[in-house]
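Engineer: If it helps, the file is called run-v2.cif and holds mmCIF, C-alpha atoms:
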data_entry
#
loop_
_atom_site.label_atom_id
_atom_site.label_comp_id
_atom_site.auth_asym_id
_atom_site.auth_seq_id
_atom_site.Cartn_x
_atom_site.Cartn_y
_atom_site.Cartn_z
CA MET A 1 0.00 0.00 0.00
CA THR A 2 2.79 2.29 0.85
CA ALA A 3 4.62 1.62 -2.39
CA LYS A 4 1.51 2.39 -4.36
CA VAL A 5 1.08 5.81 -2.73
CA THR A 6 4.68 6.64 -3.41
CA THR A 7 4.28 5.75 -7.04
CA LEU A 8 1.25 8.05 -7.39
CA ARG A 9 3.13 10.91 -5.77
CA GLN A 10 6.05 10.39 -8.10
CA ARG A 11 3.73 10.32 -11.07
CA GLY A 12 2.09 13.52 -9.90
CA ALA A 13 5.45 15.19 -9.55
CA ASP A 14 6.63 13.94 -12.90
CA ALA A 15 3.40 14.90 -14.73
CA PRO A 16 3.75 17.89 -17.00
CA ARG A 17 2.30 21.09 -15.53
CA GLU A 18 0.01 23.38 -17.52
CA ALA A 19 2.11 26.26 -18.83
CA LYS A 20 1.00 29.74 -17.74
CA PRO A 21 0.95 32.44 -20.43
CA GLU A 22 3.80 34.88 -20.11
CA ALA A 23 3.35 38.66 -20.43
CA VAL A 24 4.34 39.84 -23.86
CA TYR A 25 5.71 43.40 -24.27
CA LEU A 26 6.13 45.06 -27.60
CA SER A 27 9.02 46.95 -26.11
CA GLU A 28 10.68 47.50 -22.79
CA PRO A 29 9.02 50.25 -20.63
CA PRO A 30 11.21 53.30 -21.05
CA ASP A 31 13.24 54.58 -18.15
CA LEU A 32 13.03 58.37 -18.26
CA ASP A 33 16.11 58.66 -16.07
CA SER A 34 18.29 56.56 -18.39
CA ASP A 35 20.14 57.75 -21.44
CA GLU A 36 18.07 55.36 -23.62
CA ALA A 37 14.74 57.27 -23.06
CA GLU A 38 12.99 58.53 -26.19
CA PRO A 39 13.82 62.27 -26.74
CA TRP A 40 10.22 63.18 -27.57
CA LEU A 41 9.03 61.93 -24.15
CA LEU A 42 11.20 64.46 -22.36
CA SER A 43 9.90 67.29 -24.53
CA TYR A 44 6.31 66.12 -24.07
CA ALA A 45 6.71 65.99 -20.27
CA ASP A 46 8.13 69.53 -20.25
CA MET A 47 5.26 70.81 -22.37
CA VAL A 48 2.61 69.26 -20.11
CA THR A 49 4.29 70.75 -17.05
CA LEU A 50 4.42 74.21 -18.63
CA LEU A 51 0.75 74.02 -19.64
CA MET A 52 -0.23 73.02 -16.12
CA CYS A 53 1.71 75.98 -14.65
CA PHE A 54 0.12 78.35 -17.18
CA PHE A 55 -3.45 77.36 -16.32
CA ILE A 56 -2.77 77.49 -12.58
CA LEU A 57 -1.46 81.06 -12.93
CA PHE A 58 -4.29 82.00 -15.29
CA PHE A 59 -7.04 80.96 -12.90
CA THR A 60 -5.22 82.37 -9.89
CA LEU A 61 -4.68 85.85 -11.36
CA ASP A 62 -8.17 86.21 -12.82
CA LYS A 63 -10.58 84.23 -10.66
CA SER A 64 -13.51 86.27 -11.91
CA LYS A 65 -13.96 88.99 -14.46
CA GLY A 66 -14.96 91.71 -12.02
CA GLY A 67 -13.71 90.40 -8.69
CA ILE A 68 -11.33 92.25 -6.42
CA SER A 69 -8.80 90.23 -4.45
CA ASP A 70 -6.83 93.17 -3.02
CA PRO A 71 -9.07 96.27 -2.57
CA GLU A 72 -6.43 98.38 -0.83
CA ARG A 73 -3.91 97.89 -3.64
CA LEU A 74 -6.52 98.84 -6.25
CA LYS A 75 -7.58 101.89 -4.23
CA THR A 76 -3.97 103.09 -4.00
CA ARG A 77 -3.46 102.56 -7.74
CA LEU A 78 -6.70 104.38 -8.54
CA GLU A 79 -5.71 107.39 -6.43
CA GLN A 80 -2.32 107.51 -8.15
CA LEU A 81 -3.92 107.44 -11.61
CA ILE A 82 -6.47 110.13 -10.76
CA GLY A 83 -3.70 112.29 -9.32
CA LEU A 84 -1.60 111.91 -12.47
CA ASP A 85 -4.58 112.58 -14.74
CA SER A 86 -5.75 115.69 -12.89
CA SER A 87 -4.98 118.90 -14.72
CA VAL A 88 -3.57 121.89 -12.86
CA MET A 89 -5.41 125.10 -13.56
CA THR A 90 -3.46 128.31 -14.12
CA PRO A 91 -4.54 130.98 -11.63
CA PRO A 92 -6.49 133.83 -13.26
CA SER A 93 -4.66 137.10 -13.69
CA ASN A 94 -7.25 139.54 -12.32
CA SER A 95 -8.01 139.70 -8.63
CA ALA A 96 -11.78 139.14 -8.96
CA ALA A 97 -11.31 135.89 -10.87
CA SER A 98 -8.59 134.86 -8.43
CA SER A 99 -10.88 135.48 -5.49
CA SER A 100 -13.64 133.44 -7.14
CA SER A 101 -11.23 130.59 -7.82
CA LYS A 102 -10.06 130.58 -4.22
CA ALA A 103 -13.66 130.48 -3.01
CA LYS A 104 -14.37 127.51 -5.25
CA GLU A 105 -11.23 125.75 -4.11
CA ALA A 106 -12.14 126.29 -0.45
CA ALA A 107 -15.65 124.94 -1.10
CA SER A 108 -14.35 121.81 -2.85
CA LYS A 109 -11.85 121.10 -0.06
CA GLU A 110 -14.58 121.49 2.54
CA THR A 111 -16.86 119.15 0.58
CA LYS A 112 -14.10 116.57 0.26
CA ALA A 113 -13.33 116.73 3.97
CA LYS A 114 -17.01 116.17 4.83
CA LEU A 115 -17.40 113.23 2.48
CA GLU A 116 -14.10 111.41 2.78
CA GLU A 117 -14.28 110.09 6.33
CA ASP A 118 -17.97 109.10 6.18
CA LEU A 119 -17.78 107.41 2.80
CA ALA A 120 -14.61 105.53 3.74
CA LYS A 121 -16.40 103.79 6.61
CA ILE A 122 -19.43 102.92 4.49
CA ALA A 123 -17.37 101.65 1.54
CA LYS A 124 -15.14 99.50 3.74
CA ASN A 125 -18.11 97.65 5.24
CA LEU A 126 -19.60 97.09 1.76
CA LYS A 127 -16.23 96.11 0.20
CA ILE A 128 -16.51 98.86 -2.41
CA VAL A 129 -13.40 100.55 -3.80
CA PHE A 130 -13.63 104.32 -4.26
CA SER A 131 -11.44 107.40 -4.33
CA LEU A 132 -11.96 111.13 -3.77
CA ALA A 133 -10.04 113.83 -5.61
CA THR A 134 -10.18 117.61 -6.14
CA PRO A 135 -8.52 118.02 -9.55
CA ASN A 136 -9.78 121.59 -10.10
CA PRO A 137 -11.06 124.41 -7.89
CA GLY A 138 -14.75 123.93 -7.25
CA LEU A 139 -14.74 120.26 -8.29
CA VAL A 140 -14.85 117.06 -6.24
CA GLU A 141 -14.63 113.71 -8.03
CA ILE A 142 -15.84 110.53 -6.35
CA THR A 143 -14.77 107.46 -8.33
CA PHE A 144 -16.31 104.04 -7.66
CA LEU A 145 -14.96 100.91 -9.32
CA ASN A 146 -17.69 98.76 -10.88
CA ALA A 147 -16.62 95.61 -9.03
CA ASN A 148 -19.18 95.00 -6.25
CA PHE A 149 -21.11 97.99 -7.68
CA PHE A 150 -22.57 96.40 -10.83
CA GLU A 151 -22.77 92.84 -12.06
CA SER A 152 -20.81 92.16 -15.25
CA GLY A 153 -22.73 93.47 -18.27
CA GLN A 154 -25.59 94.80 -16.12
CA ALA A 155 -26.75 98.35 -15.31
CA ASP A 156 -28.70 97.59 -12.13
CA LEU A 157 -26.86 98.38 -8.92
CA THR A 158 -25.93 95.47 -6.68
CA PRO A 159 -27.34 95.55 -3.12
CA GLN A 160 -23.96 96.88 -1.92
CA GLY A 161 -23.88 99.56 -4.61
CA ARG A 162 -27.44 100.62 -3.91
CA GLU A 163 -26.76 100.90 -0.18
CA MET A 164 -23.64 102.97 -0.91
CA ILE A 165 -25.59 105.49 -2.99
CA LEU A 166 -28.49 105.59 -0.51
CA LYS A 167 -26.13 106.45 2.33
CA MET A 168 -24.22 108.98 0.23
CA ALA A 169 -27.31 110.83 -1.07
CA PRO A 170 -28.08 112.75 2.19
CA ARG A 171 -24.50 113.96 2.31
CA LEU A 172 -24.78 115.32 -1.24
CA SER A 173 -28.22 116.87 -0.80
CA VAL A 174 -27.03 119.26 1.93
CA LEU A 175 -24.27 120.80 -0.18
CA GLY A 176 -26.45 123.70 -1.31
CA LYS A 177 -28.24 124.98 -4.38
CA GLY A 178 -25.00 126.09 -6.02
CA THR A 179 -23.75 122.54 -6.49
CA ARG A 180 -24.30 120.48 -9.62
CA ILE A 181 -23.86 116.70 -9.64
CA GLU A 182 -22.81 114.86 -12.80
CA VAL A 183 -22.63 111.06 -12.87
CA GLU A 184 -20.36 109.46 -15.48
CA GLY A 185 -20.38 105.82 -16.53
CA HIS A 186 -17.23 104.15 -17.91
CA THR A 187 -16.53 100.61 -19.15
CA ASP A 188 -13.53 98.62 -20.32
CA SER A 189 -12.95 97.69 -23.97
CA ASP A 190 -14.70 94.30 -23.79
CA ARG A 191 -17.76 94.08 -26.01
CA VAL A 192 -21.16 93.94 -24.35
CA SER A 193 -22.50 90.41 -24.22
CA SER A 194 -25.99 91.37 -23.01
CA SER A 195 -28.87 91.65 -25.47
CA ARG A 196 -30.26 94.62 -23.52
CA TYR A 197 -27.46 97.00 -24.59
CA ALA A 198 -26.21 97.52 -28.12
CA SER A 199 -22.77 98.74 -27.04
CA ASN A 200 -20.73 100.08 -24.14
CA TRP A 201 -22.23 103.53 -24.81
CA GLU A 202 -25.66 102.35 -23.68
CA LEU A 203 -24.30 100.27 -20.82
CA SER A 204 -22.23 103.13 -19.37
CA ALA A 205 -25.08 105.63 -19.71
CA MET A 206 -27.60 103.29 -18.08
CA ARG A 207 -25.26 102.67 -15.17
CA ALA A 208 -24.98 106.42 -14.63
CA ALA A 209 -28.77 106.67 -14.88
CA SER A 210 -29.19 104.01 -12.18
CA VAL A 211 -27.15 106.14 -9.78
CA VAL A 212 -28.93 109.39 -10.70
CA ARG A 213 -32.35 107.77 -10.27
CA ILE A 214 -31.57 106.94 -6.63
CA LEU A 215 -30.12 110.40 -5.95
CA GLN A 216 -33.28 112.01 -7.28
CA THR A 217 -35.49 109.65 -5.28
CA GLU A 218 -33.55 110.62 -2.16
CA GLY A 219 -34.38 114.30 -2.56
CA ILE A 220 -31.73 115.85 -4.83
CA PRO A 221 -33.54 118.07 -7.39
CA ALA A 222 -33.44 116.77 -10.96
CA ASP A 223 -32.22 120.13 -12.32
CA ARG A 224 -29.00 119.69 -10.33
CA LEU A 225 -28.29 116.25 -11.81
CA LYS A 226 -26.63 115.23 -15.06
CA ILE A 227 -25.87 111.90 -16.77
CA ALA A 228 -22.94 111.07 -19.08
CA GLY A 229 -21.92 107.75 -20.64
CA TYR A 230 -18.42 107.46 -22.11
CA GLY A 231 -18.19 103.74 -22.82
CA GLU A 232 -14.57 102.59 -23.06
CA TYR A 233 -13.28 105.83 -24.62
CA ARG A 234 -11.93 107.58 -21.50
CA PRO A 235 -9.75 104.99 -19.75
CA VAL A 236 -7.59 106.00 -16.80
CA VAL A 237 -4.91 103.48 -17.79
CA ALA A 238 -3.99 101.49 -20.91
CA GLU A 239 -5.44 97.97 -20.88
CA ARG A 240 -2.44 96.40 -22.65
CA ASP A 241 1.16 96.45 -21.52
CA VAL A 242 4.19 97.24 -23.68
CA ASN A 243 4.23 93.63 -24.93
CA GLY A 244 0.59 93.77 -26.01
CA PHE A 245 -0.75 91.52 -23.24
CA VAL A 246 -4.06 92.39 -21.57
CA ASP A 247 -3.74 93.77 -18.03
CA SER A 248 -6.73 92.54 -15.99
CA THR A 249 -6.02 95.09 -13.23
CA ALA A 250 -6.19 97.94 -15.75
CA LYS A 251 -9.58 96.72 -16.92
CA LYS A 252 -10.88 96.75 -13.35
CA LEU A 253 -9.68 100.34 -12.95
CA ASN A 254 -11.35 101.45 -16.18
CA ARG A 255 -14.73 99.96 -15.21
CA ARG A 256 -15.93 102.77 -12.99
CA VAL A 257 -18.59 105.33 -12.10
CA VAL A 258 -17.52 108.92 -11.42
CA ILE A 259 -19.67 111.38 -9.46
CA LYS A 260 -18.57 114.98 -10.06
CA VAL A 261 -19.73 117.59 -7.56
CA THR A 262 -19.27 121.09 -9.01
CA HIS A 263 -19.60 124.30 -7.01
CA GLU A 264 -20.95 127.02 -9.30
CA GLU A 265 -20.44 130.73 -8.77
CA SER A 266 -24.14 131.49 -8.67
CA ALA A 267 -26.25 129.76 -6.05
CA SER A 268 -29.52 130.64 -7.73
CA ASP A 269 -31.71 127.98 -9.34
CA PRO A 270 -32.10 127.93 -13.14
CA MET A 271 -34.72 130.30 -14.54
CA PRO A 272 -38.08 128.59 -15.15
CA ILE A 273 -38.91 127.99 -18.82
CA ARG A 274 -41.99 130.20 -18.74
CA GLU A 275 -39.81 133.23 -17.85
CA MET A 276 -37.46 132.71 -20.80
CA LYS A 277 -40.00 133.60 -23.54
CA LYS A 278 -38.87 137.20 -23.92
#
Please lay out the structure from this file as C-alpha cells.

Structural biologist:
Amino acid sequence: MTAKVTTLRQRGADAPREAKPEAVYLSEPPDLDSDEAEPWLLSYADMVTLLMCFFILFFTLDKSKGGISDPERLKTRLEQLIGLDSSVMTPPSNSAASSSSKAKEAASKETKAKLEEDLAKIAKNLKIVFSLATPNPGLVEITFLNANFFESGQADLTPQGREMILKMAPRLSVLGKGTRIEVEGHTDSDRVSSSRYASNWELSAMRAASVVRILQTEGIPADRLKIAGYGEYRPVVAERDVNGFVDSTAKKLNRRVVIKVTHEESASDPMPIREMKK
C-alpha cells in the first residue's frame, strides 16, 4: 500500500504542468532617467508641465472677471492714476477771478473733507473701492470701481452699490443749491454680451442713470443732476502692456462710475422755462 502511494506521488510530480501564459511586451518600458529614453518623451513631459503651470497662474490671477482680491492695492493705484490725470489750472490774472477761484477751491476742499471720512467707513463695510479727488477748484470727483457695484454686463446696482448710494445721497443733498452733480459711466474695452445694450455707450449711460435715479429719489432736485456715458473711450490706464498683453487690473480700474460735484459761482436755481419767452 505504501509503495503504491509513493508511485502516485512520483507520477504527480513527474506529470507535465500546464504552462501559464507569459506577459508579452512590444518593447521595454522606457526609463526616463536613463540615457536610452525617447527624446520626444522628455519634450512632451516639459510641455505638459508648462501648460499646467500656465493654467494654474491664469485661474489664480483672474478668478472672476470683475472680482477684487486686493481692494487696498486697487484703491492706492486708482488714487495715483487720478492724481496723475488731474490737470492743474493756471490761476487767473485779475483779482476778482482769483478770489472766485479761491472760493471755489475752499468749497471743494470742505466738501471733500465732509465726504471722505464718512464714505470711507461705508465703503469698507460694503467692500466697495472708491477714491476722492479735487482736480480743479470747485470740483470734487468721487470714483467708484464697478466691481461690487454692478454685475458684469448689467446696469442695475448690486445691493452693496445701492446701499452705498443711498447712504451717500443725504451727504450730497445738503451741499447747497449752487452745487451740480454729474454722474459718469465708464466701461472697459470688452464688447457687451448682453442683449439689452447695443454697445458700451448704452451700458455706461444706463449705469450712470441708475445712480442718478436713486439720488433724485432721495431728494436731490433733478435740475441739479446730469448723466454722461463714455463707454470705453476715457480709460484712466492702458489695458495692454508694452508687450501687447491684456492687463486685468487695468480693466478693473477702467470699469468705474464717477460722481462729479461742481460748485458754481451762482447759487440761484435755473430760470423757469416760462420766464425765458422774452

Engineer: Mind pulling up the distance from CA of Val257 (chain A) to CA of Phe144 (chain A)?

Structural biologist: 5.2 Å

Engineer: What is the distance, in Å and to one decimal place, between CA of Asn148 (chain A) and CA of Gln160 (chain A)?

Structural biologist: 6.7 Å

Engineer: So, counting only C-alpha atoms, which residue among A:Val174, A:Ile181, A:Val261, A:Leu225 is closest to Pro135 (chain A)?

Structural biologist: A:Val261

Engineer: For Ala106 (chain A), which residue among A:Asn243, A:Ser152, A:Ser194, A:Asn136 is the nearest when counting all atoms listed in the file?

Structural biologist: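 Looking only at the distances to Ala106 (chain A), the closest residue turns out to be A:Asn136.
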
Engineer: Using CA of Gly178 (chain A) and CA of Val236 (chain A) as the two end points, give the distance in Å to one decimal.

Structural biologist: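 According to the coordinates, CA of Gly178 (chain A) and CA of Val236 (chain A) are separated by 28.7 Å.
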
Engineer: Run through the PyMOL selection byres ((chain A and resi 204) around 10) on the given coordinates and return the selected residues as a PDB file with C-alpha atoms, keeping the file's coordinate frame.

Structural biologist:
ATOM      1  CA  GLY A 153     -22.730  93.470 -18.270  1.00  0.00           C
ATOM      2  CA  GLN A 154     -25.590  94.800 -16.120  1.00  0.00           C
ATOM      3  CA  ALA A 155     -26.750  98.350 -15.310  1.00  0.00           C
ATOM      4  CA  GLU A 184     -20.360 109.460 -15.480  1.00  0.00           C
ATOM      5  CA  GLY A 185     -20.380 105.820 -16.530  1.00  0.00           C
ATOM      6  CA  HIS A 186     -17.230 104.150 -17.910  1.00  0.00           C
ATOM      7  CA  THR A 187     -16.530 100.610 -19.150  1.00  0.00           C
ATOM      8  CA  ASP A 188     -13.530  98.620 -20.320  1.00  0.00           C
ATOM      9  CA  TYR A 197     -27.460  97.000 -24.590  1.00  0.00           C
ATOM     10  CA  SER A 199     -22.770  98.740 -27.040  1.00  0.00           C
ATOM     11  CA  ASN A 200     -20.730 100.080 -24.140  1.00  0.00           C
ATOM     12  CA  TRP A 201     -22.230 103.530 -24.810  1.00  0.00           C
ATOM     13  CA  GLU A 202     -25.660 102.350 -23.680  1.00  0.00           C
ATOM     14  CA  LEU A 203     -24.300 100.270 -20.820  1.00  0.00           C
ATOM     15  CA  ALA A 205     -25.080 105.630 -19.710  1.00  0.00           C
ATOM     16  CA  MET A 206     -27.600 103.290 -18.080  1.00  0.00           C
ATOM     17  CA  ARG A 207     -25.260 102.670 -15.170  1.00  0.00           C
ATOM     18  CA  ALA A 208     -24.980 106.420 -14.630  1.00  0.00           C
ATOM     19  CA  ALA A 209     -28.770 106.670 -14.880  1.00  0.00           C
ATOM     20  CA  ILE A 227     -25.870 111.900 -16.770  1.00  0.00           C
ATOM     21  CA  ALA A 228     -22.940 111.070 -19.080  1.00  0.00           C
ATOM     22  CA  GLY A 229     -21.920 107.750 -20.640  1.00  0.00           C
ATOM     23  CA  TYR A 230     -18.420 107.460 -22.110  1.00  0.00           C
ATOM     24  CA  GLY A 231     -18.190 103.740 -22.820  1.00  0.00           C
ATOM     25  CA  GLU A 232     -14.570 102.590 -23.060  1.00  0.00           C
ATOM     26  CA  ARG A 255     -14.730  99.960 -15.210  1.00  0.00           C
ATOM     27  CA  ARG A 256     -15.930 102.770 -12.990  1.00  0.00           C
ATOM     28  CA  VAL A 257     -18.590 105.330 -12.100  1.00  0.00           C
TER      29      VAL A 257
END
